[in-house]
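Text of the file final_30.cif, holding mmCIF, C-alpha atoms (C1' of nucleotides):
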data_data
loop_
_atom_site.label_atom_id
_atom_site.label_comp_id
_atom_site.auth_asym_id
_atom_site.auth_seq_id
_atom_site.Cartn_x
_atom_site.Cartn_y
_atom_site.Cartn_z
CA MET A 127 20.98 6.08 -3.91
CA ASN A 128 20.95 4.44 -7.28
CA PRO A 129 17.29 4.03 -8.15
CA GLN A 130 18.15 1.06 -10.38
CA ILE A 131 19.17 -1.06 -7.42
CA GLU A 132 16.24 -2.28 -5.37
CA THR A 133 16.89 -3.84 -2.00
CA ARG A 134 15.11 -7.02 -1.04
CA SER A 135 12.72 -5.14 1.22
CA GLU A 136 11.89 -2.70 -1.58
CA ILE A 137 11.19 -5.53 -3.99
CA ARG A 138 9.01 -7.28 -1.46
CA ALA A 139 7.18 -4.06 -0.60
CA ASP A 140 6.46 -3.38 -4.28
CA ILE A 141 4.93 -6.80 -4.76
CA ILE A 142 2.90 -6.52 -1.58
CA LYS A 143 1.78 -3.01 -2.51
CA ALA A 144 0.32 -4.37 -5.73
CA LEU A 145 -2.28 -6.20 -3.61
CA ALA A 146 -2.78 -3.49 -1.02
CA HIS A 147 -6.07 -2.11 -2.29
CA PRO A 148 -9.61 -3.46 -1.83
CA SER A 149 -10.33 -3.55 -5.56
CA ARG A 150 -7.12 -5.38 -6.27
CA VAL A 151 -7.86 -7.92 -3.55
CA LEU A 152 -11.31 -8.40 -5.07
CA ILE A 153 -9.77 -8.92 -8.49
CA ALA A 154 -7.28 -11.42 -7.10
CA GLU A 155 -10.05 -13.33 -5.36
CA ALA A 156 -12.08 -13.50 -8.55
CA LEU A 157 -9.12 -14.67 -10.59
CA SER A 158 -8.31 -17.44 -8.13
CA ASP A 159 -11.42 -19.00 -9.59
CA GLY A 160 -10.22 -18.72 -13.20
CA GLU A 161 -9.38 -16.12 -15.83
CA ARG A 162 -11.61 -13.11 -16.46
CA CYS A 163 -11.71 -10.31 -19.00
CA VAL A 164 -11.60 -6.62 -18.07
CA GLN A 165 -15.31 -6.06 -18.53
CA ASP A 166 -16.23 -8.82 -16.11
CA LEU A 167 -13.79 -7.56 -13.52
CA THR A 168 -15.15 -4.05 -14.00
CA LYS A 169 -18.68 -5.22 -13.17
CA LEU A 170 -17.30 -6.97 -10.11
CA VAL A 171 -15.35 -3.99 -8.82
CA GLY A 172 -17.91 -1.37 -9.73
CA ALA A 173 -15.50 1.34 -10.82
CA ASP A 174 -14.75 2.95 -14.15
CA ILE A 175 -13.21 0.52 -16.63
CA SER A 176 -10.15 2.74 -16.96
CA THR A 177 -9.62 2.51 -13.23
CA VAL A 178 -9.86 -1.26 -13.31
CA SER A 179 -7.50 -1.41 -16.25
CA LYS A 180 -4.95 0.54 -14.23
CA HIS A 181 -5.33 -1.78 -11.26
CA LEU A 182 -4.75 -4.73 -13.57
CA SER A 183 -1.64 -3.20 -15.03
CA ILE A 184 -0.20 -2.64 -11.55
CA MET A 185 -0.89 -6.27 -10.68
CA LYS A 186 0.59 -7.49 -13.95
CA LYS A 187 3.73 -5.40 -13.62
CA SER A 188 4.33 -6.71 -10.12
CA GLY A 189 4.12 -10.31 -11.31
CA TRP A 190 0.81 -11.37 -9.78
CA LEU A 191 -1.03 -11.54 -13.10
CA GLU A 192 -0.49 -12.49 -16.69
CA VAL A 193 -2.70 -11.66 -19.62
CA GLU A 194 -3.66 -13.28 -22.89
CA LYS A 195 -5.53 -11.67 -25.71
CA ARG A 196 -8.25 -13.67 -27.45
CA GLY A 197 -10.51 -11.90 -29.92
CA LEU A 198 -11.35 -8.48 -28.56
CA ASN A 199 -10.79 -9.47 -24.94
CA GLN A 200 -7.82 -9.44 -22.65
CA PHE A 201 -8.04 -12.37 -20.28
CA TYR A 202 -6.22 -11.87 -17.02
CA ARG A 203 -5.22 -14.73 -14.75
CA LEU A 204 -3.20 -15.38 -11.63
CA ARG A 205 0.37 -16.31 -12.23
CA CYS A 206 0.79 -18.32 -9.05
CA PRO A 207 -1.68 -20.22 -6.86
CA CYS A 208 0.36 -19.22 -3.80
CA LEU A 209 -1.99 -16.26 -3.56
CA LEU A 210 -4.46 -18.41 -1.67
CA GLU A 211 -1.80 -19.23 0.90
CA PHE A 212 -1.07 -15.53 1.08
CA PHE A 213 -4.69 -14.71 1.88
CA ARG A 214 -4.81 -17.53 4.42
CA CYS A 215 -1.99 -15.80 6.26
CA VAL A 216 -3.75 -12.45 6.05
CA ASP A 217 -6.93 -13.97 7.43
CA LEU A 218 -5.00 -15.45 10.34
CA ILE A 219 -3.75 -11.99 11.16
CA ASN A 220 -7.29 -10.70 11.00
CA LEU A 221 -8.25 -13.13 13.76
CA VAL A 222 -5.75 -11.62 16.17
CA ARG A 223 -6.21 -8.05 15.01
CA PRO A 224 -7.19 -5.66 17.79
CA LYS A 225 -10.90 -4.88 17.44
CA LYS A 226 -12.02 -1.33 16.81
CA THR A 227 -14.04 -1.35 20.01
CA GLU A 228 -10.94 -2.17 22.02
CA ASN A 229 -9.12 0.78 20.55
CA GLN A 230 -11.97 3.20 20.64
CA ALA A 231 -13.04 2.46 24.21
CA CYS A 232 -13.56 5.75 26.02
CA CYS A 233 -11.53 8.88 25.25
CA MET B 27 -21.82 3.05 2.56
CA ASN B 28 -21.60 2.52 6.28
CA PRO B 29 -17.95 3.09 7.17
CA GLN B 30 -18.32 0.74 10.16
CA ILE B 31 -18.87 -2.27 7.93
CA GLU B 32 -15.72 -3.45 6.21
CA THR B 33 -16.02 -5.98 3.44
CA ARG B 34 -13.67 -8.94 3.37
CA SER B 35 -11.60 -7.39 0.61
CA GLU B 36 -11.28 -4.15 2.59
CA ILE B 37 -10.15 -6.03 5.67
CA ARG B 38 -7.64 -8.02 3.69
CA ALA B 39 -6.38 -4.91 1.91
CA ASP B 40 -5.87 -3.10 5.23
CA ILE B 41 -3.79 -5.93 6.60
CA ILE B 42 -1.76 -6.21 3.42
CA LYS B 43 -1.29 -2.44 3.29
CA ALA B 44 0.32 -2.57 6.72
CA LEU B 45 3.23 -4.45 5.14
CA ALA B 46 3.32 -2.55 1.87
CA HIS B 47 6.30 -0.31 2.64
CA PRO B 48 10.03 -1.09 2.52
CA SER B 49 10.64 0.02 6.10
CA ARG B 50 7.77 -2.07 7.37
CA VAL B 51 9.02 -5.11 5.47
CA LEU B 52 12.45 -4.53 6.98
CA ILE B 53 10.93 -4.32 10.44
CA ALA B 54 8.96 -7.50 9.88
CA GLU B 55 12.07 -9.31 8.68
CA ALA B 56 14.01 -8.21 11.74
CA LEU B 57 11.25 -9.25 14.10
CA SER B 58 11.01 -12.70 12.56
CA ASP B 59 14.29 -13.20 14.32
CA GLY B 60 12.96 -12.13 17.73
CA GLU B 61 11.59 -9.08 19.52
CA ARG B 62 13.24 -5.67 19.23
CA CYS B 63 12.77 -2.28 20.86
CA VAL B 64 12.05 0.91 18.92
CA GLN B 65 15.59 2.24 19.12
CA ASP B 66 17.05 -0.90 17.57
CA LEU B 67 14.51 -0.88 14.78
CA THR B 68 15.22 2.80 14.20
CA LYS B 69 18.90 2.07 13.65
CA LEU B 70 17.95 -0.68 11.26
CA VAL B 71 15.53 1.41 9.23
CA GLY B 72 17.59 4.58 9.28
CA ALA B 73 14.70 7.04 9.60
CA ASP B 74 13.60 9.37 12.35
CA ILE B 75 12.43 7.53 15.45
CA SER B 76 9.03 9.17 15.22
CA THR B 77 8.64 7.79 11.71
CA VAL B 78 9.55 4.31 12.87
CA SER B 79 7.16 4.58 15.78
CA LYS B 80 4.37 5.41 13.36
CA HIS B 81 5.23 2.43 11.16
CA LEU B 82 5.11 0.22 14.23
CA SER B 83 1.75 1.52 15.26
CA ILE B 84 0.33 0.80 11.81
CA MET B 85 1.67 -2.74 11.99
CA LYS B 86 0.33 -3.22 15.48
CA LYS B 87 -3.10 -1.90 14.66
CA SER B 88 -3.36 -4.23 11.68
CA GLY B 89 -2.57 -7.26 13.84
CA TRP B 90 0.92 -8.11 12.59
CA LEU B 91 2.66 -7.01 15.79
CA GLU B 92 2.21 -6.99 19.51
CA VAL B 93 4.12 -4.99 22.03
CA GLU B 94 5.26 -5.42 25.60
CA LYS B 95 6.72 -2.75 27.81
CA ARG B 96 9.69 -3.66 29.99
CA GLY B 97 11.55 -0.90 31.78
CA LEU B 98 11.81 2.08 29.50
CA ASN B 99 11.54 0.05 26.32
CA GLN B 100 8.67 -1.12 24.20
CA PHE B 101 9.49 -4.51 22.74
CA TYR B 102 7.71 -5.30 19.53
CA ARG B 103 7.30 -8.80 18.18
CA LEU B 104 5.51 -10.66 15.42
CA ARG B 105 2.15 -12.01 16.33
CA CYS B 106 2.19 -14.86 13.87
CA PRO B 107 5.01 -16.84 12.26
CA CYS B 108 2.92 -17.13 9.09
CA LEU B 109 4.70 -13.99 7.96
CA LEU B 110 7.55 -16.12 6.68
CA GLU B 111 5.15 -18.08 4.52
CA PHE B 112 3.78 -14.78 3.33
CA PHE B 113 7.22 -13.59 2.23
CA ARG B 114 7.91 -16.93 0.58
CA CYS B 115 4.87 -16.33 -1.59
CA VAL B 116 6.01 -12.79 -2.38
CA ASP B 117 9.45 -14.07 -3.36
CA LEU B 118 7.88 -16.63 -5.69
CA ILE B 119 6.07 -13.81 -7.43
CA ASN B 120 9.32 -11.92 -7.73
CA LEU B 121 10.75 -14.82 -9.71
CA VAL B 122 8.08 -14.54 -12.39
CA ARG B 123 7.90 -10.76 -12.28
CA PRO B 124 8.51 -9.11 -15.66
CA LYS B 125 12.00 -7.62 -15.64
CA LYS B 126 12.51 -3.91 -16.01
CA THR B 127 14.68 -4.46 -19.07
CA GLU B 128 11.81 -6.29 -20.74
CA ASN B 129 9.49 -3.40 -20.07
CA GLN B 130 11.92 -0.64 -20.81
CA ALA B 131 13.26 -2.12 -24.03
CA CYS B 132 13.40 0.62 -26.64
CA CYS B 133 11.12 3.67 -26.65
"C1'" DC C 98 10.71 16.04 42.94
"C1'" DT C 99 13.82 16.70 38.96
"C1'" DT C 100 16.10 14.74 35.32
"C1'" DT C 101 16.99 11.36 31.97
"C1'" DT C 102 15.72 7.91 28.60
"C1'" DA C 103 12.44 5.81 25.42
"C1'" DT C 104 8.59 6.35 22.85
"C1'" DT C 105 4.39 8.51 20.98
"C1'" DT C 106 1.61 12.26 19.14
"C1'" DG C 107 0.50 16.62 16.60
"C1'" DG C 108 1.16 19.22 12.83
"C1'" DC C 109 2.82 20.45 8.52
"C1'" DT C 110 4.78 19.76 3.74
"C1'" DA C 111 5.93 16.91 -0.01
"C1'" DT C 112 4.98 12.90 -2.52
"C1'" DT C 113 2.29 9.17 -4.14
"C1'" DC C 114 -2.00 7.04 -5.22
"C1'" DT C 115 -6.94 6.88 -6.95
"C1'" DG C 116 -10.51 7.62 -9.81
"C1'" DC C 117 -12.85 9.83 -13.35
"C1'" DC C 118 -13.24 11.66 -18.08
"C1'" DA C 119 -11.71 12.06 -22.67
"C1'" DA C 120 -8.88 10.48 -26.20
"C1'" DA C 121 -6.00 6.93 -28.30
"C1'" DT C 122 -5.17 2.06 -29.81
"C1'" DA C 123 -6.00 -2.58 -31.48
"C1'" DG C 124 -8.51 -5.89 -33.58
"C1'" DA C 125 -12.84 -7.77 -35.34
"C1'" DT C 126 -16.71 -7.18 -38.24
"C1'" DA C 127 -19.53 -5.13 -41.80
"C1'" DT D 91 -12.32 1.08 -45.64
"C1'" DA D 92 -15.52 2.49 -41.97
"C1'" DT D 93 -17.27 1.11 -37.77
"C1'" DC D 94 -17.80 -1.21 -33.56
"C1'" DT D 95 -16.06 -3.32 -29.28
"C1'" DA D 96 -12.67 -3.89 -25.69
"C1'" DT D 97 -9.05 -2.00 -23.49
"C1'" DT D 98 -5.31 1.28 -22.43
"C1'" DT D 99 -3.28 5.83 -21.79
"C1'" DG D 100 -2.98 10.87 -20.57
"C1'" DG D 101 -4.16 14.20 -17.61
"C1'" DC D 102 -6.01 16.31 -13.83
"C1'" DA D 103 -8.16 16.94 -9.01
"C1'" DG D 104 -8.78 15.12 -4.59
"C1'" DA D 105 -7.40 11.73 -0.99
"C1'" DA D 106 -4.17 9.20 1.44
"C1'" DT D 107 0.78 8.44 2.92
"C1'" DA D 108 5.37 9.37 4.59
"C1'" DG D 109 8.75 11.89 6.82
"C1'" DC D 110 10.57 15.39 9.70
"C1'" DC D 111 10.56 18.45 13.73
"C1'" DA D 112 8.84 19.85 18.05
"C1'" DA D 113 6.18 18.88 21.93
"C1'" DA D 114 3.94 15.61 25.01
"C1'" DT D 115 3.99 11.24 27.87
"C1'" DA D 116 5.64 7.59 30.80
"C1'" DA D 117 8.44 5.44 33.66
"C1'" DA D 118 13.13 4.89 35.77
"C1'" DA D 119 16.95 6.85 38.13
"C1'" DG D 120 19.11 10.27 40.88
#
Would you write out, as structure tokens, the structure that this file holds?
Amino acid sequence: MNPQIETRSEIRADIIKALAHPSRVLIAEALSDGERCVQDLTKLVGADISTVSKHLSIMKKSGWLEVEKRGLNQFYRLRCPCLLEFFRCVDLINLVRPKKTENQACC
Amino acid sequence: MNPQIETRSEIRADIIKALAHPSRVLIAEALSDGERCVQDLTKLVGADISTVSKHLSIMKKSGWLEVEKRGLNQFYRLRCPCLLEFFRCVDLINLVRPKKTENQACC
DNA sequence: CTTTTATTTGGCTATTCTGCCAAATAGATA
DNA sequence: TATCTATTTGGCAGAATAGCCAAATAAAAG
């Protein structure tokens, strides 16, 4: 198929995928509290700064984040407060999620 | 670290990851309209039935879906209507997402 | 009990994603 | 201009995912 044309489910999956990593969730959580520069987020995540920079660029490209340069720093922030609603939904799912013990029972 | 202990961001990322694929988004969209059996979802997705079955098991394990067997069929359904809210948030992000043309301009 | 239908599981390959290091860039400061 | 600081990019190796086929299960129907 034409790779230029994304279906709705592909678009949605791309945007969702941009949050589907523990470090990116952590970054999103931190930014829901206000903008942060790359160094600060790197301390938070505990990975190499180049790794964090790549996570940020994925999140920016997908539309979750925007960035503003001031002085030597790049300040990243959330583009939409709906993220909190998004996490609320995820946490609801976690409540009904089958527990590991249920799945691992015997066998 | 102890692999038994999942941090909040890991839990959230796992649940989000379970929707981070075009076929799984498609499945979720279909199920928001009511339960479906594996065959029907397979037609919808257009992949091998074993592939679809694996997608379903990922979604079930994460808590998004539940399943009920009736006769020869397994009927899958959404566990929580909050999914629609979730997609609404994703679609909002899509509106502010940087366009490909903006990114691909020259070079 | 055998066969049929629906679904899941195992196994393998191909692709995509992650994370680190090293090098490049961009601006600020000396 | 040279240097420092913050960040991004390139590249590579290892890990995780996705998809297909074939085989295994499970229950219904004959």
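CA of Val164 (chain A) sits 16.0 Å away from C1' of DT122 (chain C).
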Using every C-alpha atom paired in order, could you least-squares fit chain B onto chain A and give me the moved chain as a PDB file with C-alpha atoms, keeping the file's coordinate frame?
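For reference, selection-v6.pdb as written:
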ATOM      1  CA  MET B  27      21.018   5.939  -3.944  1.00  0.00           C
ATOM      2  CA  ASN B  28      20.973   4.352  -7.357  1.00  0.00           C
ATOM      3  CA  PRO B  29      17.300   4.003  -8.264  1.00  0.00           C
ATOM      4  CA  GLN B  30      18.139   1.008 -10.482  1.00  0.00           C
ATOM      5  CA  ILE B  31      19.160  -1.108  -7.513  1.00  0.00           C
ATOM      6  CA  GLU B  32      16.230  -2.285  -5.439  1.00  0.00           C
ATOM      7  CA  THR B  33      16.909  -3.839  -2.079  1.00  0.00           C
ATOM      8  CA  ARG B  34      15.113  -7.021  -1.111  1.00  0.00           C
ATOM      9  CA  SER B  35      12.745  -5.140   1.161  1.00  0.00           C
ATOM     10  CA  GLU B  36      11.905  -2.697  -1.640  1.00  0.00           C
ATOM     11  CA  ILE B  37      11.188  -5.536  -4.032  1.00  0.00           C
ATOM     12  CA  ARG B  38       9.023  -7.292  -1.500  1.00  0.00           C
ATOM     13  CA  ALA B  39       7.200  -4.075  -0.631  1.00  0.00           C
ATOM     14  CA  ASP B  40       6.452  -3.392  -4.309  1.00  0.00           C
ATOM     15  CA  ILE B  41       4.930  -6.811  -4.767  1.00  0.00           C
ATOM     16  CA  ILE B  42       2.913  -6.531  -1.578  1.00  0.00           C
ATOM     17  CA  LYS B  43       1.787  -3.019  -2.500  1.00  0.00           C
ATOM     18  CA  ALA B  44       0.298  -4.389  -5.706  1.00  0.00           C
ATOM     19  CA  LEU B  45      -2.270  -6.224  -3.577  1.00  0.00           C
ATOM     20  CA  ALA B  46      -2.762  -3.525  -0.972  1.00  0.00           C
ATOM     21  CA  HIS B  47      -6.071  -2.147  -2.253  1.00  0.00           C
ATOM     22  CA  PRO B  48      -9.608  -3.499  -1.810  1.00  0.00           C
ATOM     23  CA  SER B  49     -10.327  -3.567  -5.538  1.00  0.00           C
ATOM     24  CA  ARG B  50      -7.108  -5.397  -6.252  1.00  0.00           C
ATOM     25  CA  VAL B  51      -7.847  -7.947  -3.538  1.00  0.00           C
ATOM     26  CA  LEU B  52     -11.292  -8.423  -5.050  1.00  0.00           C
ATOM     27  CA  ILE B  53      -9.759  -8.936  -8.472  1.00  0.00           C
ATOM     28  CA  ALA B  54      -7.275 -11.435  -7.098  1.00  0.00           C
ATOM     29  CA  GLU B  55     -10.045 -13.346  -5.347  1.00  0.00           C
ATOM     30  CA  ALA B  56     -12.082 -13.508  -8.535  1.00  0.00           C
ATOM     31  CA  LEU B  57      -9.133 -14.675 -10.587  1.00  0.00           C
ATOM     32  CA  SER B  58      -8.325 -17.454  -8.147  1.00  0.00           C
ATOM     33  CA  ASP B  59     -11.428 -18.993  -9.598  1.00  0.00           C
ATOM     34  CA  GLY B  60     -10.234 -18.713 -13.209  1.00  0.00           C
ATOM     35  CA  GLU B  61      -9.381 -16.101 -15.824  1.00  0.00           C
ATOM     36  CA  ARG B  62     -11.609 -13.089 -16.456  1.00  0.00           C
ATOM     37  CA  CYS B  63     -11.705 -10.269 -18.987  1.00  0.00           C
ATOM     38  CA  VAL B  64     -11.597  -6.587 -18.044  1.00  0.00           C
ATOM     39  CA  GLN B  65     -15.310  -6.004 -18.506  1.00  0.00           C
ATOM     40  CA  ASP B  66     -16.230  -8.784 -16.094  1.00  0.00           C
ATOM     41  CA  LEU B  67     -13.793  -7.536 -13.498  1.00  0.00           C
ATOM     42  CA  THR B  68     -15.149  -4.024 -13.955  1.00  0.00           C
ATOM     43  CA  LYS B  69     -18.655  -5.198 -13.115  1.00  0.00           C
ATOM     44  CA  LEU B  70     -17.289  -6.954 -10.077  1.00  0.00           C
ATOM     45  CA  VAL B  71     -15.317  -3.989  -8.788  1.00  0.00           C
ATOM     46  CA  GLY B  72     -17.898  -1.370  -9.667  1.00  0.00           C
ATOM     47  CA  ALA B  73     -15.478   1.364 -10.751  1.00  0.00           C
ATOM     48  CA  ASP B  74     -14.745   2.978 -14.076  1.00  0.00           C
ATOM     49  CA  ILE B  75     -13.205   0.572 -16.566  1.00  0.00           C
ATOM     50  CA  SER B  76     -10.150   2.776 -16.906  1.00  0.00           C
ATOM     51  CA  THR B  77      -9.599   2.531 -13.163  1.00  0.00           C
ATOM     52  CA  VAL B  78      -9.861  -1.238 -13.270  1.00  0.00           C
ATOM     53  CA  SER B  79      -7.494  -1.388 -16.207  1.00  0.00           C
ATOM     54  CA  LYS B  80      -4.944   0.563 -14.201  1.00  0.00           C
ATOM     55  CA  HIS B  81      -5.316  -1.778 -11.228  1.00  0.00           C
ATOM     56  CA  LEU B  82      -4.745  -4.708 -13.554  1.00  0.00           C
ATOM     57  CA  SER B  83      -1.643  -3.187 -15.006  1.00  0.00           C
ATOM     58  CA  ILE B  84      -0.193  -2.646 -11.536  1.00  0.00           C
ATOM     59  CA  MET B  85      -0.888  -6.270 -10.674  1.00  0.00           C
ATOM     60  CA  LYS B  86       0.589  -7.474 -13.926  1.00  0.00           C
ATOM     61  CA  LYS B  87       3.717  -5.401 -13.611  1.00  0.00           C
ATOM     62  CA  SER B  88       4.317  -6.714 -10.105  1.00  0.00           C
ATOM     63  CA  GLY B  89       4.116 -10.319 -11.301  1.00  0.00           C
ATOM     64  CA  TRP B  90       0.803 -11.376  -9.761  1.00  0.00           C
ATOM     65  CA  LEU B  91      -1.034 -11.543 -13.089  1.00  0.00           C
ATOM     66  CA  GLU B  92      -0.515 -12.494 -16.676  1.00  0.00           C
ATOM     67  CA  VAL B  93      -2.692 -11.650 -19.600  1.00  0.00           C
ATOM     68  CA  GLU B  94      -3.662 -13.261 -22.870  1.00  0.00           C
ATOM     69  CA  LYS B  95      -5.520 -11.619 -25.698  1.00  0.00           C
ATOM     70  CA  ARG B  96      -8.237 -13.609 -27.446  1.00  0.00           C
ATOM     71  CA  GLY B  97     -10.513 -11.833 -29.885  1.00  0.00           C
ATOM     72  CA  LEU B  98     -11.340  -8.424 -28.528  1.00  0.00           C
ATOM     73  CA  ASN B  99     -10.786  -9.395 -24.915  1.00  0.00           C
ATOM     74  CA  GLN B 100      -7.802  -9.402 -22.637  1.00  0.00           C
ATOM     75  CA  PHE B 101      -8.046 -12.332 -20.259  1.00  0.00           C
ATOM     76  CA  TYR B 102      -6.224 -11.863 -17.010  1.00  0.00           C
ATOM     77  CA  ARG B 103      -5.236 -14.713 -14.743  1.00  0.00           C
ATOM     78  CA  LEU B 104      -3.208 -15.378 -11.624  1.00  0.00           C
ATOM     79  CA  ARG B 105       0.356 -16.324 -12.216  1.00  0.00           C
ATOM     80  CA  CYS B 106       0.763 -18.326  -9.054  1.00  0.00           C
ATOM     81  CA  PRO B 107      -1.700 -20.231  -6.870  1.00  0.00           C
ATOM     82  CA  CYS B 108       0.340 -19.248  -3.809  1.00  0.00           C
ATOM     83  CA  LEU B 109      -1.986 -16.276  -3.556  1.00  0.00           C
ATOM     84  CA  LEU B 110      -4.446 -18.421  -1.646  1.00  0.00           C
ATOM     85  CA  GLU B 111      -1.786 -19.244   0.907  1.00  0.00           C
ATOM     86  CA  PHE B 112      -1.041 -15.556   1.080  1.00  0.00           C
ATOM     87  CA  PHE B 113      -4.659 -14.722   1.901  1.00  0.00           C
ATOM     88  CA  ARG B 114      -4.788 -17.528   4.443  1.00  0.00           C
ATOM     89  CA  CYS B 115      -1.947 -15.821   6.267  1.00  0.00           C
ATOM     90  CA  VAL B 116      -3.706 -12.457   6.063  1.00  0.00           C
ATOM     91  CA  ASP B 117      -6.889 -13.987   7.464  1.00  0.00           C
ATOM     92  CA  LEU B 118      -4.945 -15.472  10.372  1.00  0.00           C
ATOM     93  CA  ILE B 119      -3.694 -12.006  11.195  1.00  0.00           C
ATOM     94  CA  ASN B 120      -7.231 -10.704  11.047  1.00  0.00           C
ATOM     95  CA  LEU B 121      -8.173 -13.130  13.803  1.00  0.00           C
ATOM     96  CA  VAL B 122      -5.651 -11.646  16.217  1.00  0.00           C
ATOM     97  CA  ARG B 123      -6.133  -8.079  15.043  1.00  0.00           C
ATOM     98  CA  PRO B 124      -7.095  -5.676  17.839  1.00  0.00           C
ATOM     99  CA  LYS B 125     -10.791  -4.883  17.503  1.00  0.00           C
ATOM    100  CA  LYS B 126     -11.951  -1.367  16.830  1.00  0.00           C
ATOM    101  CA  THR B 127     -14.055  -1.401  19.983  1.00  0.00           C
ATOM    102  CA  GLU B 128     -10.945  -2.157  22.016  1.00  0.00           C
ATOM    103  CA  ASN B 129      -9.154   0.785  20.492  1.00  0.00           C
ATOM    104  CA  GLN B 130     -12.045   3.174  20.497  1.00  0.00           C
ATOM    105  CA  ALA B 131     -13.173   2.453  24.041  1.00  0.00           C
ATOM    106  CA  CYS B 132     -13.847   5.749  25.778  1.00  0.00           C
ATOM    107  CA  CYS B 133     -12.137   9.027  24.863  1.00  0.00           C
TER     108      CYS B 133
END
Chain C near region 96-112 of chain B within 10 Å: what's each residue's closest atom pair and its distance in Å to one decimal, counting only C-alpha atoms (C1' of nucleotides), ordered by chain then ascending residue number, as CSV?
residue,atom,partner,partner_atom,distance
C:DT102,C1',B:Leu98,CA,7.1
C:DA103,C1',B:Leu98,CA,5.6
C:DT104,C1',B:Gln100,CA,7.6
As a check of understanding, name the residues that the PyMOL selection byres ((chain B and resi 42) around 8) selects in the supplied structure, as number ranges by chain. A: 142-143, 145-146, 216; B: 38-41, 43-46
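Near region 67-82 of chain B, within 10 Å and counting all atoms listed in the file, sit Ala44, Leu45, His47, Pro48, Ser49, Arg50, Val51, Leu52, Ile53, Ala54, Ala56, Leu57, Glu61, Arg62, Lys87, Ser88, Trp90, Leu91, Glu92, Val93 and Tyr102 of chain B; DT104, DT105 and DT106 of chain C; DA108, DG109, DC110 and DC111 of chain D; same-chain residues fewer than 5 positions away were not included.
Nearest residue to Cys63 (chain B), choosing from B:Asp117, B:Lys95, B:Ile31, B:Arg123 and counting all atoms listed in the file: B:Lys95.
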